[in-house]
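See below for model_1.csv, which holds CSV, C-alpha atoms.
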```csv
chain,number,residue,atom,x,y,z
A,1,MET,CA,98.7,87.2,172.7
A,2,SER,CA,100.8,84.5,171.0
A,3,ALA,CA,97.9,82.2,170.5
A,4,THR,CA,95.8,85.0,169.0
A,5,ARG,CA,98.6,85.9,166.6
A,6,ARG,CA,98.9,82.2,165.5
A,7,LYS,CA,95.2,82.1,164.8
A,8,ARG,CA,95.5,85.3,162.7
A,9,ARG,CA,98.4,84.0,160.7
A,10,LYS,CA,96.5,80.8,159.9
A,11,GLY,CA,93.5,82.9,158.8
A,12,LYS,CA,95.7,84.9,156.4
A,13,LYS,CA,97.2,81.7,154.9
A,14,LYS,CA,93.7,80.3,154.2
A,15,SER,CA,92.5,83.5,152.5
A,16,SER,CA,95.6,83.5,150.2
A,17,GLU,CA,94.9,79.9,149.0
A,18,ARG,CA,91.4,80.7,147.7
A,19,PRO,CA,92.5,83.1,144.9
A,20,THR,CA,95.2,80.6,143.8
A,21,ARG,CA,92.7,77.8,143.6
A,22,TRP,CA,90.3,79.9,141.5
A,23,LYS,CA,93.1,80.9,139.2
A,24,TRP,CA,93.8,77.2,138.4
A,25,ILE,CA,90.1,76.6,137.8
A,26,LEU,CA,89.9,79.6,135.5
A,27,ALA,CA,93.0,78.5,133.6
A,28,LEU,CA,91.5,75.0,133.2
A,29,CYS,CA,88.3,76.4,131.8
A,30,CYS,CA,90.2,78.6,129.4
A,31,GLY,CA,92.2,75.6,128.2
A,32,LEU,CA,89.0,73.6,127.6
A,33,ALA,CA,87.4,76.5,125.8
A,34,LEU,CA,90.3,76.8,123.4
A,35,ALA,CA,90.3,73.1,122.8
A,36,CYS,CA,86.6,73.2,121.9
A,37,ILE,CA,87.2,76.1,119.5
A,38,ALA,CA,89.9,74.1,117.8
A,39,VAL,CA,87.7,71.1,117.4
A,40,VAL,CA,84.8,73.2,116.1
A,41,ASN,CA,87.1,75.0,113.7
A,42,HIS,CA,88.3,71.7,112.3
A,43,PHE,CA,84.9,70.2,111.6
A,44,LEU,CA,83.1,73.4,110.7
A,45,PHE,CA,85.6,74.6,108.1
A,46,HIS,CA,86.7,71.1,107.0
A,47,LYS,CA,90.4,72.0,106.8
A,48,CYS,CA,93.5,70.2,107.9
A,49,THR,CA,97.0,71.6,108.0
A,50,HIS,CA,99.5,69.8,105.8
A,51,TYR,CA,102.7,71.1,104.2
A,52,GLY,CA,102.5,74.2,106.4
A,53,ILE,CA,99.1,75.3,104.9
A,54,LYS,CA,95.4,74.5,105.2
A,55,ILE,CA,94.4,72.0,102.6
A,56,PRO,CA,90.8,72.2,101.3
A,57,ALA,CA,88.8,69.0,102.2
A,58,GLY,CA,87.0,66.9,99.7
A,59,TYR,CA,89.6,66.8,97.0
A,60,HIS,CA,91.5,63.6,96.2
A,61,THR,CA,94.2,64.9,93.8
A,62,HIS,CA,96.9,67.4,94.9
A,63,GLY,CA,99.8,68.9,93.0
A,64,ILE,CA,102.3,71.7,92.9
A,65,ASP,CA,103.7,74.0,90.3
A,66,ILE,CA,107.3,75.3,90.1
A,67,SER,CA,109.7,77.5,88.2
A,68,GLN,CA,113.3,78.7,88.4
A,69,TYR,CA,112.3,80.7,91.4
A,70,GLN,CA,112.2,77.5,93.5
A,71,GLY,CA,115.9,77.2,92.9
A,72,LYS,CA,117.7,73.8,92.9
A,73,ILE,CA,115.3,71.0,93.8
A,74,ASP,CA,116.1,67.8,95.6
A,75,TRP,CA,113.9,65.5,93.5
A,76,HIS,CA,114.7,62.4,95.5
A,77,ALA,CA,113.4,64.1,98.7
A,78,LEU,CA,110.4,65.6,96.8
A,79,SER,CA,109.4,62.2,95.4
A,80,MET,CA,109.3,60.5,98.8
A,81,PRO,CA,106.0,60.2,100.7
A,82,GLN,CA,105.8,63.1,103.1
A,83,ASP,CA,102.2,63.1,104.4
A,84,SER,CA,100.0,60.1,105.2
A,85,ASP,CA,96.8,61.9,104.2
A,86,ILE,CA,97.8,64.2,101.3
A,87,HIS,CA,99.8,62.8,98.4
A,88,ILE,CA,101.4,65.0,95.7
A,89,SER,CA,100.2,63.4,92.4
A,90,PHE,CA,101.5,65.9,89.8
A,91,VAL,CA,103.8,68.8,89.2
A,92,TYR,CA,103.5,71.6,86.6
A,93,MET,CA,106.7,73.5,85.7
A,94,ARG,CA,107.3,76.7,83.7
A,95,ALA,CA,108.9,76.1,80.4
A,96,SER,CA,108.9,79.6,79.0
A,97,MET,CA,107.8,83.2,79.7
A,98,GLY,CA,107.2,85.4,76.7
A,99,MET,CA,110.1,84.9,74.4
A,100,ARG,CA,112.5,83.6,77.1
A,101,THR,CA,112.9,80.2,78.6
A,102,ASP,CA,113.0,79.1,82.2
A,103,LYS,CA,116.5,78.4,83.3
A,104,LYS,CA,115.6,75.4,85.4
A,105,PHE,CA,113.0,73.8,83.1
A,106,LYS,CA,115.2,71.2,81.3
A,107,THR,CA,116.6,69.9,84.6
A,108,ASN,CA,113.2,69.9,86.3
A,109,TRP,CA,111.6,68.2,83.3
A,110,GLN,CA,114.1,65.4,83.2
A,111,GLU,CA,114.2,64.9,87.0
A,112,ALA,CA,110.4,64.7,87.3
A,113,LYS,CA,110.4,61.9,84.7
A,114,ALA,CA,113.3,60.1,86.3
A,115,HIS,CA,111.6,60.0,89.7
A,116,GLY,CA,108.2,58.9,88.3
A,117,ILE,CA,106.3,62.1,89.0
A,118,LYS,CA,103.4,63.0,86.6
A,119,ARG,CA,104.6,66.2,84.9
A,120,GLY,CA,103.2,69.1,82.9
A,121,ALA,CA,104.6,72.3,81.4
A,122,TYR,CA,103.2,75.8,81.3
A,123,LEU,CA,103.9,78.9,79.2
A,124,PHE,CA,103.8,82.3,81.0
A,125,PHE,CA,102.1,84.4,78.4
A,126,HIS,CA,103.1,88.0,77.6
A,127,PRO,CA,100.1,89.7,75.8
A,128,ASN,CA,102.5,92.4,74.4
A,129,LYS,CA,104.2,89.8,72.3
A,130,ASP,CA,103.2,87.6,69.3
A,131,GLY,CA,101.1,84.7,70.5
A,132,VAL,CA,102.1,82.3,67.7
A,133,LYS,CA,105.9,82.8,68.4
A,134,GLN,CA,105.4,82.3,72.1
A,135,ALA,CA,103.7,79.0,71.4
A,136,GLU,CA,106.4,77.9,69.0
A,137,LEU,CA,109.1,78.6,71.6
A,138,PHE,CA,107.2,76.5,74.1
A,139,ILE,CA,106.9,73.6,71.7
A,140,LYS,CA,110.6,73.8,70.8
A,141,ARG,CA,111.5,73.9,74.5
A,142,VAL,CA,109.2,71.1,75.7
A,143,GLY,CA,109.0,68.8,72.8
A,144,GLY,CA,106.5,66.0,72.9
A,145,LEU,CA,103.9,65.6,75.7
A,146,GLU,CA,103.2,61.9,75.4
A,147,GLY,CA,102.3,60.6,78.9
A,148,CYS,CA,102.3,64.1,80.3
A,149,LEU,CA,99.6,66.6,81.4
A,150,PRO,CA,98.0,69.0,79.0
A,151,PRO,CA,99.9,72.2,78.1
A,152,VAL,CA,99.0,75.3,80.1
A,153,VAL,CA,99.0,79.0,79.1
A,154,ASP,CA,99.4,81.2,82.2
A,155,ILE,CA,98.0,84.7,81.6
A,156,GLU,CA,97.8,87.1,84.6
A,157,LYS,CA,99.2,90.4,83.4
A,158,THR,CA,98.2,92.8,80.6
A,159,TYR,CA,101.5,94.5,80.1
A,160,ARG,CA,99.3,97.5,79.1
A,161,THR,CA,98.0,95.7,76.1
A,162,ASP,CA,94.6,96.6,74.7
A,163,LYS,CA,92.0,94.0,75.6
A,164,THR,CA,91.1,93.2,72.0
A,165,VAL,CA,94.7,92.7,71.1
A,166,LEU,CA,95.2,90.6,74.3
A,167,LYS,CA,92.4,88.3,73.4
A,168,LYS,CA,93.6,87.9,69.8
A,169,ARG,CA,97.2,87.0,70.7
A,170,LEU,CA,96.0,84.6,73.4
A,171,GLN,CA,93.7,82.9,71.0
A,172,ASP,CA,96.6,82.6,68.5
A,173,CYS,CA,98.8,81.0,71.1
A,174,LEU,CA,96.1,78.5,72.2
A,175,ASN,CA,95.3,77.6,68.6
A,176,THR,CA,99.0,76.9,67.8
A,177,LEU,CA,99.4,74.7,70.8
A,178,HIS,CA,96.1,72.9,70.1
A,179,ASN,CA,97.0,72.2,66.5
A,180,HIS,CA,100.4,70.9,67.5
A,181,TYR,CA,99.5,68.7,70.4
A,182,GLY,CA,96.0,67.7,69.4
A,183,ILE,CA,94.6,68.6,72.9
A,184,ARG,CA,92.9,71.7,74.1
A,185,PRO,CA,95.3,73.8,76.3
A,186,VAL,CA,94.5,74.8,79.9
A,187,ILE,CA,94.2,78.5,80.8
A,188,TYR,CA,95.7,79.5,84.1
A,189,THR,CA,94.7,82.9,85.6
A,190,TYR,CA,93.2,84.7,88.6
A,191,THR,CA,89.4,84.9,89.2
A,192,THR,CA,89.2,88.6,88.6
A,193,PHE,CA,91.5,88.6,85.6
A,194,TYR,CA,89.3,86.0,83.9
A,195,ARG,CA,86.2,88.0,84.6
A,196,ASP,CA,87.7,91.3,83.5
A,197,TYR,CA,89.7,90.3,80.4
A,198,LEU,CA,88.7,86.9,79.1
A,199,GLY,CA,85.1,85.9,79.9
A,200,GLU,CA,82.8,83.8,77.8
A,201,LYS,CA,85.1,83.8,74.7
A,202,PHE,CA,87.4,81.3,76.5
A,203,ASP,CA,84.9,79.3,78.4
A,204,LYS,CA,85.5,76.3,76.1
A,205,TYR,CA,89.0,75.8,77.5
A,206,PRO,CA,89.8,74.0,80.7
A,207,LEU,CA,90.5,76.5,83.5
A,208,TRP,CA,93.2,76.5,86.2
A,209,ILE,CA,92.1,79.2,88.6
A,210,ALA,CA,94.1,80.9,91.3
A,211,HIS,CA,92.2,82.1,94.4
A,212,TYR,CA,93.8,82.0,97.8
A,213,GLU,CA,92.5,81.7,101.4
A,214,ARG,CA,89.1,80.2,100.4
A,215,GLU,CA,87.5,77.4,102.4
A,216,ASP,CA,86.3,74.9,99.9
A,217,LYS,CA,86.3,76.5,96.4
A,218,PRO,CA,87.3,79.6,94.5
A,219,ASP,CA,84.9,82.6,94.5
A,220,TYR,CA,84.0,85.2,91.8
A,221,ILE,CA,84.0,82.7,89.0
A,222,ASN,CA,80.8,81.6,87.3
A,223,ARG,CA,82.1,78.9,85.0
A,224,PRO,CA,83.3,75.4,85.8
A,225,TRP,CA,87.0,75.1,86.8
A,226,ASP,CA,89.4,72.2,86.5
A,227,ILE,CA,92.4,73.0,88.8
A,228,TRP,CA,92.4,75.3,91.8
A,229,GLN,CA,95.6,76.9,93.0
A,230,HIS,CA,94.5,77.5,96.6
A,231,SER,CA,97.9,78.6,98.2
A,232,GLU,CA,101.2,80.0,97.3
A,233,ARG,CA,102.8,79.4,100.7
A,234,GLY,CA,103.2,75.7,100.9
A,235,LYS,CA,106.4,74.0,102.2
A,236,ILE,CA,107.6,70.6,101.0
A,237,ALA,CA,110.7,68.6,101.4
A,238,GLY,CA,113.2,69.0,98.6
A,239,ILE,CA,112.3,72.7,97.9
A,240,THR,CA,113.5,75.4,100.2
A,241,GLU,CA,111.3,78.2,98.8
A,242,PHE,CA,107.5,78.5,99.1
A,243,VAL,CA,105.5,76.4,96.6
A,244,ASP,CA,102.1,76.8,95.0
A,245,PHE,CA,99.6,74.1,96.0
A,246,ASN,CA,96.7,72.9,93.8
A,247,VAL,CA,93.7,70.6,93.9
A,248,LEU,CA,92.2,68.9,90.9
A,249,ASN,CA,88.5,68.8,90.0
A,250,CYS,CA,88.4,65.2,88.9
A,251,ASN,CA,84.8,65.5,87.6
A,252,ASN,CA,85.8,67.4,84.5
A,253,ASN,CA,88.2,64.7,83.1
A,254,ILE,CA,91.0,66.9,81.8
A,255,MET,CA,93.6,64.9,83.6
A,256,PRO,CA,94.5,61.2,82.9
A,257,CYS,CA,92.7,58.8,85.2
A,258,GLU,CA,95.9,57.6,86.9
A,259,VAL,CA,96.5,61.2,88.2
A,260,CYS,CA,93.0,61.3,89.7
A,261,GLY,CA,93.4,57.9,91.3
A,262,TYR,CA,90.1,56.6,89.8
```

Entire entry expressed as structure tokens:
Amino acid sequence: MSATRRKRRKGKKKSSERPTRWKWILALCCGLALACIAVVNHFLFHKCTHYGIKIPAGYHTHGIDISQYQGKIDWHALSMPQDSDIHISFVYMRASMGMRTDKKFKTNWQEAKAHGIKRGAYLFFHPNKDGVKQAELFIKRVGGLEGCLPPVVDIEKTYRTDKTVLKKRLQDCLNTLHNHYGIRPVIYTYTTFYRDYLGEKFDKYPLWIAHYEREDKPDYINRPWDIWQHSERGKIAGITEFVDFNVLNCNNNIMPCEVCGY
């Protein structure tokens, strides 16, 4: 009886080991499968994670844009190398919005220069206000742009303005900036806004297009673009809030060569 019982106990132990062994094999297979998916995803979509976001591959020049919403910036930390693969080459900052000025612009403008960061300024355009006056306020706030990036007019809201009036005021603003600085301003907007409200009339201007969560280029835009804002959720040392990240299309030559790195 006792010998028989011992044999039965041994038999039970052997049967309990088999499921455990298969569980380990299954877990190992699952782990290998997940690793393969990660490798395929990396090479198939050509994206790497930097600054807390996926950066489109194939672009050499990267930059950010800021406003008073980013709060107080530690420019020393921002200017330090933070990623061995992706270097921040330029920063655009808001100077004015409509007929008001950005509270942080003066400080940001001075600090960017002091820390050797290539800088540019943009105007957040209000179509329900006079275009010439908005441009004049920008010029007064920014001053000269020697050694800086081209001025930008950011238009992304209609403020219930008639499309014809919107185009007229935007053109007035662009003309005023062009005449003053001697360089054609850049238009910033979203893909659908450009399609629905601007179109061919403004195709002669350099375009900074915003379109998020795309793999390698913005969609829904049929004309050449110069800067692509691909994310609004980047994280970078020196700034506690989320930051917009951009890549530059160096083929269109709207930026100085030293920014592109060529």

(message) Between atom CA of A:Asp203 and atom CA of A:Arg223, what is the distance in Å, rounded to a tenth?
(response)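 Atom-to-atom, atom CA of A:Asp203 to atom CA of A:Arg223, that is 7.2 Å.
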
(request) Skip A:Gln229 itself and residues of its chain fewer than 4 positions away, then list as a PyMOL selection string all residues within 8 Å of it, counting all atoms listed in the file. (result) chain A and resi 208-212+244-247

Those residues you just picked out, can you put them in a file as a CSV table (one decimal), in the coordinates of the input with C-alpha atoms?
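The resulting again_32.csv:
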```csv
chain,number,residue,atom,x,y,z
A,208,TRP,CA,93.2,76.5,86.2
A,209,ILE,CA,92.1,79.2,88.6
A,210,ALA,CA,94.1,80.9,91.3
A,211,HIS,CA,92.2,82.1,94.4
A,212,TYR,CA,93.8,82.0,97.8
A,244,ASP,CA,102.1,76.8,95.0
A,245,PHE,CA,99.6,74.1,96.0
A,246,ASN,CA,96.7,72.9,93.8
A,247,VAL,CA,93.7,70.6,93.9
```

(message) The residues within 6 Å of (104.7, 70.7, 82.9), using all atoms listed in the file and the coordinates of the file, should be reported as a PyMOL selection string; which are they?
(response) chain A and resi 92-93+119-122

(request) Excluding A:Gly71 and any residue of its chain fewer than 5 positions from it, enumerate the residues within 8 Å of it, using all atoms listed in the file, and give them as a list in words. (result)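 Residues meeting the cut-off are Lys104, Ile239, Thr240 and Glu241 of chain A.
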
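Relative to atom CA of A:Gln110, atom CA of A:Ser96 is found at 15.7 Å.
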
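Straight-line separation from atom CA of A:Asn175 to atom CA of A:Leu137: 14.2 Å.
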
(request) Using all atoms listed in the file, determine which residues lie at most 10 Å from A:Leu198, disregarding the query and same-chain residues fewer than 5 positions distant; provide the list as a ChimeraX atom specification. (result) /A:155,163-164,166-167,170,189,192-193,203

(request) Give the answer as one residue: which of A:Arg21, A:Lys168, A:Lys54, A:Lys72 has the shortest atom-to-atom distance to A:Arg214, using only C-alpha atoms? (result) A:Lys54

(message) Between A:Tyr220, A:Ile64, A:Ile236, A:Glu156, which residue has the minimum interatomic distance to A:Tyr197, considering only C-alpha atoms?
(response) A:Glu156

(message) Quick one: residues within 10 Å of stretch 80-84 of chain A, only C-alpha atoms, excluding same-chain residues fewer than 4 positions away - as a PyMOL selection string?
(response) chain A and resi 50-51+75-76+88+115+236-238

Neighbour list for stretch 176-188 of chain A as a PDB file with C-alpha atoms, in the frame of the given file, cut-off 8 Å, only C-alpha atoms, skip fewer than 4 positions in-chain:
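Generated output (around-v5.pdb):
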```
ATOM      1  CA  VAL A 132     102.100  82.300  67.700  1.00  0.00           C
ATOM      2  CA  ALA A 135     103.700  79.000  71.400  1.00  0.00           C
ATOM      3  CA  GLU A 136     106.400  77.900  69.000  1.00  0.00           C
ATOM      4  CA  ILE A 139     106.900  73.600  71.700  1.00  0.00           C
ATOM      5  CA  GLY A 144     106.500  66.000  72.900  1.00  0.00           C
ATOM      6  CA  LEU A 145     103.900  65.600  75.700  1.00  0.00           C
ATOM      7  CA  PRO A 150      98.000  69.000  79.000  1.00  0.00           C
ATOM      8  CA  PRO A 151      99.900  72.200  78.100  1.00  0.00           C
ATOM      9  CA  VAL A 152      99.000  75.300  80.100  1.00  0.00           C
ATOM     10  CA  VAL A 153      99.000  79.000  79.100  1.00  0.00           C
ATOM     11  CA  ASP A 154      99.400  81.200  82.200  1.00  0.00           C
ATOM     12  CA  ILE A 155      98.000  84.700  81.600  1.00  0.00           C
ATOM     13  CA  GLU A 156      97.800  87.100  84.600  1.00  0.00           C
ATOM     14  CA  ASP A 172      96.600  82.600  68.500  1.00  0.00           C
ATOM     15  CA  TYR A 205      89.000  75.800  77.500  1.00  0.00           C
ATOM     16  CA  PRO A 206      89.800  74.000  80.700  1.00  0.00           C
ATOM     17  CA  LEU A 207      90.500  76.500  83.500  1.00  0.00           C
ATOM     18  CA  TRP A 208      93.200  76.500  86.200  1.00  0.00           C
ATOM     19  CA  ILE A 209      92.100  79.200  88.600  1.00  0.00           C
ATOM     20  CA  ALA A 210      94.100  80.900  91.300  1.00  0.00           C
TER      21      ALA A 210
END
```

(request) Determine the nearest neighbour of A:Tyr190 from the options A:Cys173, A:Cys30, A:Ala57, A:Ile227, counting all atoms listed in the file. (result)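 Of A:Cys173, A:Cys30, A:Ala57, A:Ile227, the one nearest A:Tyr190 is A:Ile227, counting all atoms listed in the file.
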